[in-house]
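A.B. asks: Sharing a structure below in structure tokens format, with a few things to ask.
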Amino acid sequence: MYEAHWGLSTRPFENTPDPSFLYRTPQHEEALGRLLYAIEGEKGAAVLSGVFGCGKTLLSRTLLAQLDSSLYKIAIVTNPKMTITELLLEIAGKLGAQNLPTKQSEVLKNVVWDSIETLLKNNLRDGKQSIVIVDEAHAIKDPEIFEELRLLLNLQADDRFYLTLLLLGQPELKGLIEANKQLAQRIAIGYHLQPLDAAETAKYIQFRLKVGGQEKPIFTEEALKLVHSYSGGIPRRINQICDISLLTGMEQGVKKVTPEVVKEGVASLGV
Ligand SMILES: Nc1ncnc2c1ncn2[C@@H]1O[C@H](COP(=O)(O)OP(=O)(O)O)[C@@H](O)[C@H]1O
Ligand SMILES: [Mg+2]
């Protein structure tokens, strides 16, 4: 749409978790390093928290891309708002269980449990580490589900966890975990992502433009500052504002995105 006008080969500010667009701020680097440490150090569980749009899902996708699939079996649950049985079924299925029953009943839960336990043991025997990533874990409102996740961590052999559990979610996740003391004690690693500061926001925007195919600056210094103040440094909002600013600038036929362009773009969003 506006790519030709700005000399871009692809749209740089799409809100999708594409690892090639990851800008490694010191925070994102540290968060990634900690999640990797939890996995490689065979820790039981780790938590990554941060407000909506700060990069948690993107980091989980980056992590996946880095892990050697011959060494890991990974289950990612992206929408954990389900019953305990549904959640266990999803985990079992994604860890590779075959022929899982689909009808729900109390008995079924035990069947799924047995299946997960067997799977985890088999993975270990085959030299594969099992990883369960629960994204949007703050959406879990039923304490029983956190308890079930804790019980998964109880499966251990010779002081080794059968699996590593990564919980990702918005800041309230920390309180939800604290409510289950035994689960909280199992969390070996944690990290909280903060919004970007003004300097990081500017570098983030320039980085994404470069990945999009344009190395020359498109936004003026003042426009970059304004994007930071409108977005609060939250990547998802930065993307939205930069995208609408590029569109607005093209419509106006200008060669640079100035604060006026950003203002007009944001006003047209009506938010
Ligand atoms: N460090 C980063 N580098 C590049 N893009 C990022 C970064 N952090 C977040 N984003 C982008 O912001 C948007 C929202 O990120 P996401 O991972 O979905 O946030 P969360 O899961 O925390 O709500 C995505 O399009 C993502 O690509
Ligand atoms: Mg997310």
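A note on labels: chains of the structure tokens are A, B, ... as shown, every chain counts residues from 1, and ligands are counted from 1 in their shown order.
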Please extract the residues at most 7 Å from ligand 2, counting only C-alpha atoms and all ligand atoms, and provide them as a list in words, using the chain letters and residue numbers of this document.
C.D. replies: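 Listing the residues within 7 Å of ligand 2 gives Phe52, Gly53, Gly55, Lys56, Thr57, Asp135 and Glu136 of chain A.
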A.B. asks: Hey, which residues sit close to ligand 1? Say within 8 Å, counting only C-alpha atoms and all ligand atoms, and write them as a PyMOL selection string.
C.D. replies: chain A and resi 13-19+21-25+28+49-60+135-136+168-170+204+208+234-239
A.B. asks: Using only C-alpha atoms, determine which residues lie at most 12 Å from Ala157 (chain A), disregarding the query and same-chain residues fewer than 2 positions distant; provide the list as a list in words.
C.D. replies: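 Listing them by chain and then by number gives Glu117, Leu120, Lys121, Leu124, Arg125, Leu153, Asn154, Leu155, Asp159, Arg160, Phe161, Tyr162 and Leu163 of chain A.
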A.B. asks: Would you mind exporting C-alpha atoms of the selected residues as a compact mmCIF listing (two decimals), in the first residue's frame?
C.D. replies:
# COMPACT_ATOMS: atom_id res chain seq x y z
CA GLU A 117 3.03 -38.90 32.28
CA LEU A 120 6.97 -37.12 29.39
CA LYS A 121 8.82 -40.27 30.45
CA LEU A 124 13.08 -38.14 28.56
CA ARG A 125 14.05 -41.70 27.56
CA LEU A 153 5.83 -30.07 37.86
CA ASN A 154 5.65 -32.72 40.56
CA LEU A 155 6.44 -35.34 37.96
CA ASP A 159 15.89 -34.89 40.79
CA ARG A 160 15.03 -33.98 37.21
CA PHE A 161 11.80 -32.34 36.22
CA TYR A 162 9.90 -34.17 33.51
CA LEU A 163 9.12 -30.86 31.91
A.B. asks: Which residue is closest to Lys109 (chain A)? Choose from A:Ile131, A:Lys255, A:Gln206, A:Thr85 and count only C-alpha atoms.
C.D. replies: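 Of A:Ile131, A:Lys255, A:Gln206, A:Thr85, the one nearest Lys109 (chain A) is A:Thr85, counting only C-alpha atoms.
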A.B. asks: What's around Ile133 (chain A) at 8 Å? Count only C-alpha atoms, leave out sequence neighbours fewer than 2 positions away in its own chain, and write the answer as a CSV table (one decimal) with all heavy atoms, in the first residue's frame.
C.D. replies:
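And here is the file that came out, selection-v9.csv:
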chain,number,residue,atom,x,y,z
A,74,ILE,N,7.9,-29.5,22.3
A,74,ILE,CA,7.3,-28.2,22.8
A,74,ILE,C,5.8,-28.1,22.6
A,74,ILE,O,5.3,-28.3,21.5
A,74,ILE,CB,8.0,-27.0,22.1
A,74,ILE,CG1,9.5,-27.2,22.3
A,74,ILE,CG2,7.5,-25.7,22.8
A,74,ILE,CD1,10.3,-26.3,21.4
A,75,ALA,N,5.1,-27.8,23.7
A,75,ALA,CA,3.6,-27.6,23.6
A,75,ALA,C,3.4,-26.1,23.9
A,75,ALA,O,3.8,-25.7,25.0
A,75,ALA,CB,2.9,-28.5,24.5
A,76,ILE,N,2.8,-25.4,22.9
A,76,ILE,CA,2.5,-24.0,23.2
A,76,ILE,C,0.9,-23.9,23.3
A,76,ILE,O,0.2,-24.3,22.4
A,76,ILE,CB,2.9,-23.1,22.1
A,76,ILE,CG1,4.4,-22.9,22.1
A,76,ILE,CG2,2.3,-21.7,22.3
A,76,ILE,CD1,4.8,-21.6,21.5
A,77,VAL,N,0.5,-23.4,24.4
A,77,VAL,CA,-1.0,-23.2,24.6
A,77,VAL,C,-1.2,-21.7,24.5
A,77,VAL,O,-0.6,-21.0,25.4
A,77,VAL,CB,-1.5,-23.7,26.0
A,77,VAL,CG1,-3.0,-23.5,26.1
A,77,VAL,CG2,-1.1,-25.2,26.1
A,131,ILE,N,8.8,-29.2,26.9
A,131,ILE,CA,8.5,-27.8,27.3
A,131,ILE,C,7.1,-27.5,27.1
A,131,ILE,O,6.5,-27.8,26.0
A,131,ILE,CB,9.4,-26.9,26.5
A,131,ILE,CG1,10.9,-27.2,26.8
A,131,ILE,CG2,9.1,-25.4,26.9
A,131,ILE,CD1,11.8,-26.6,25.8
A,135,ASP,N,0.8,-19.3,27.1
A,135,ASP,CA,0.8,-17.9,26.8
A,135,ASP,C,-0.6,-17.3,27.4
A,135,ASP,O,-1.5,-18.1,27.5
A,135,ASP,CB,0.9,-17.6,25.3
A,135,ASP,CG,1.4,-16.2,25.0
A,135,ASP,OD1,1.4,-15.4,25.9
A,135,ASP,OD2,1.6,-16.0,23.8
A,165,LEU,N,8.1,-25.6,32.5
A,165,LEU,CA,6.9,-24.9,32.3
A,165,LEU,C,7.2,-23.4,32.2
A,165,LEU,O,7.8,-22.9,33.1
A,165,LEU,CB,5.9,-25.2,33.4
A,165,LEU,CG,4.6,-24.4,33.5
A,165,LEU,CD1,3.7,-24.9,32.3
A,165,LEU,CD2,3.9,-24.7,34.8
A,166,LEU,N,6.8,-22.8,31.1
A,166,LEU,CA,7.0,-21.3,31.0
A,166,LEU,C,5.6,-20.7,31.0
A,166,LEU,O,4.7,-21.0,30.1
A,166,LEU,CB,7.7,-21.0,29.6
A,166,LEU,CG,9.0,-21.6,29.4
A,166,LEU,CD1,9.6,-21.1,28.1
A,166,LEU,CD2,10.0,-21.4,30.5
A,167,LEU,N,5.4,-19.8,31.9
A,167,LEU,CA,4.1,-19.1,32.0
A,167,LEU,C,4.3,-17.6,31.5
A,167,LEU,O,5.1,-16.9,32.1
A,167,LEU,CB,3.6,-19.1,33.4
A,167,LEU,CG,3.3,-20.5,34.0
A,167,LEU,CD1,2.9,-20.4,35.5
A,167,LEU,CD2,2.1,-21.1,33.3
A,168,LEU,N,3.5,-17.2,30.5
A,168,LEU,CA,3.6,-15.8,30.0
A,168,LEU,C,2.3,-15.1,30.2
A,168,LEU,O,1.2,-15.7,30.0
A,168,LEU,CB,3.9,-15.9,28.5
A,168,LEU,CG,5.3,-16.1,27.9
A,168,LEU,CD1,6.0,-17.2,28.6
A,168,LEU,CD2,5.2,-16.3,26.4
A.B. asks: Write out as a PyMOL selection string each polymer residue whose atoms come within 12 Å of Asp197 (chain A), counting only C-alpha atoms; drop sequence neighbours fewer than 5 positions from it.
C.D. replies: chain A and resi 25-27+202-204+224-225+227-229+231-235+238
A.B. asks: I need the helix (DSSP H, G or I) residues of region 29-221 of chain A per DSSP on the backbone, written as a ChimeraX atom specification.
C.D. replies: /A:29-40,56-66,84-94,106-125,137-139,143-154,172-178,181-186,198-211,221
A.B. asks: Find, counting only C-alpha atoms, the residue in A:Cys242, A:Ala65, A:Val262, A:Ala45 that gets nearest to Arg150 (chain A).
C.D. replies: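 Checking each candidate against Arg150 (chain A), we get A:Ala45 as the closest.
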A.B. asks: At what distance in Å, to one decimal, does CA of Ala46 (chain A) lie from CA of Ile189 (chain A)?
C.D. replies: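 We find that CA of Ile189 (chain A) and CA of Ala46 (chain A) lie 4.6 Å from each other.
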A.B. asks: Could you work out how far CA of Ser115 (chain A) lies from CA of Gln98 (chain A), giving the answer in Å with one decimal?
C.D. replies: 9.1 Å
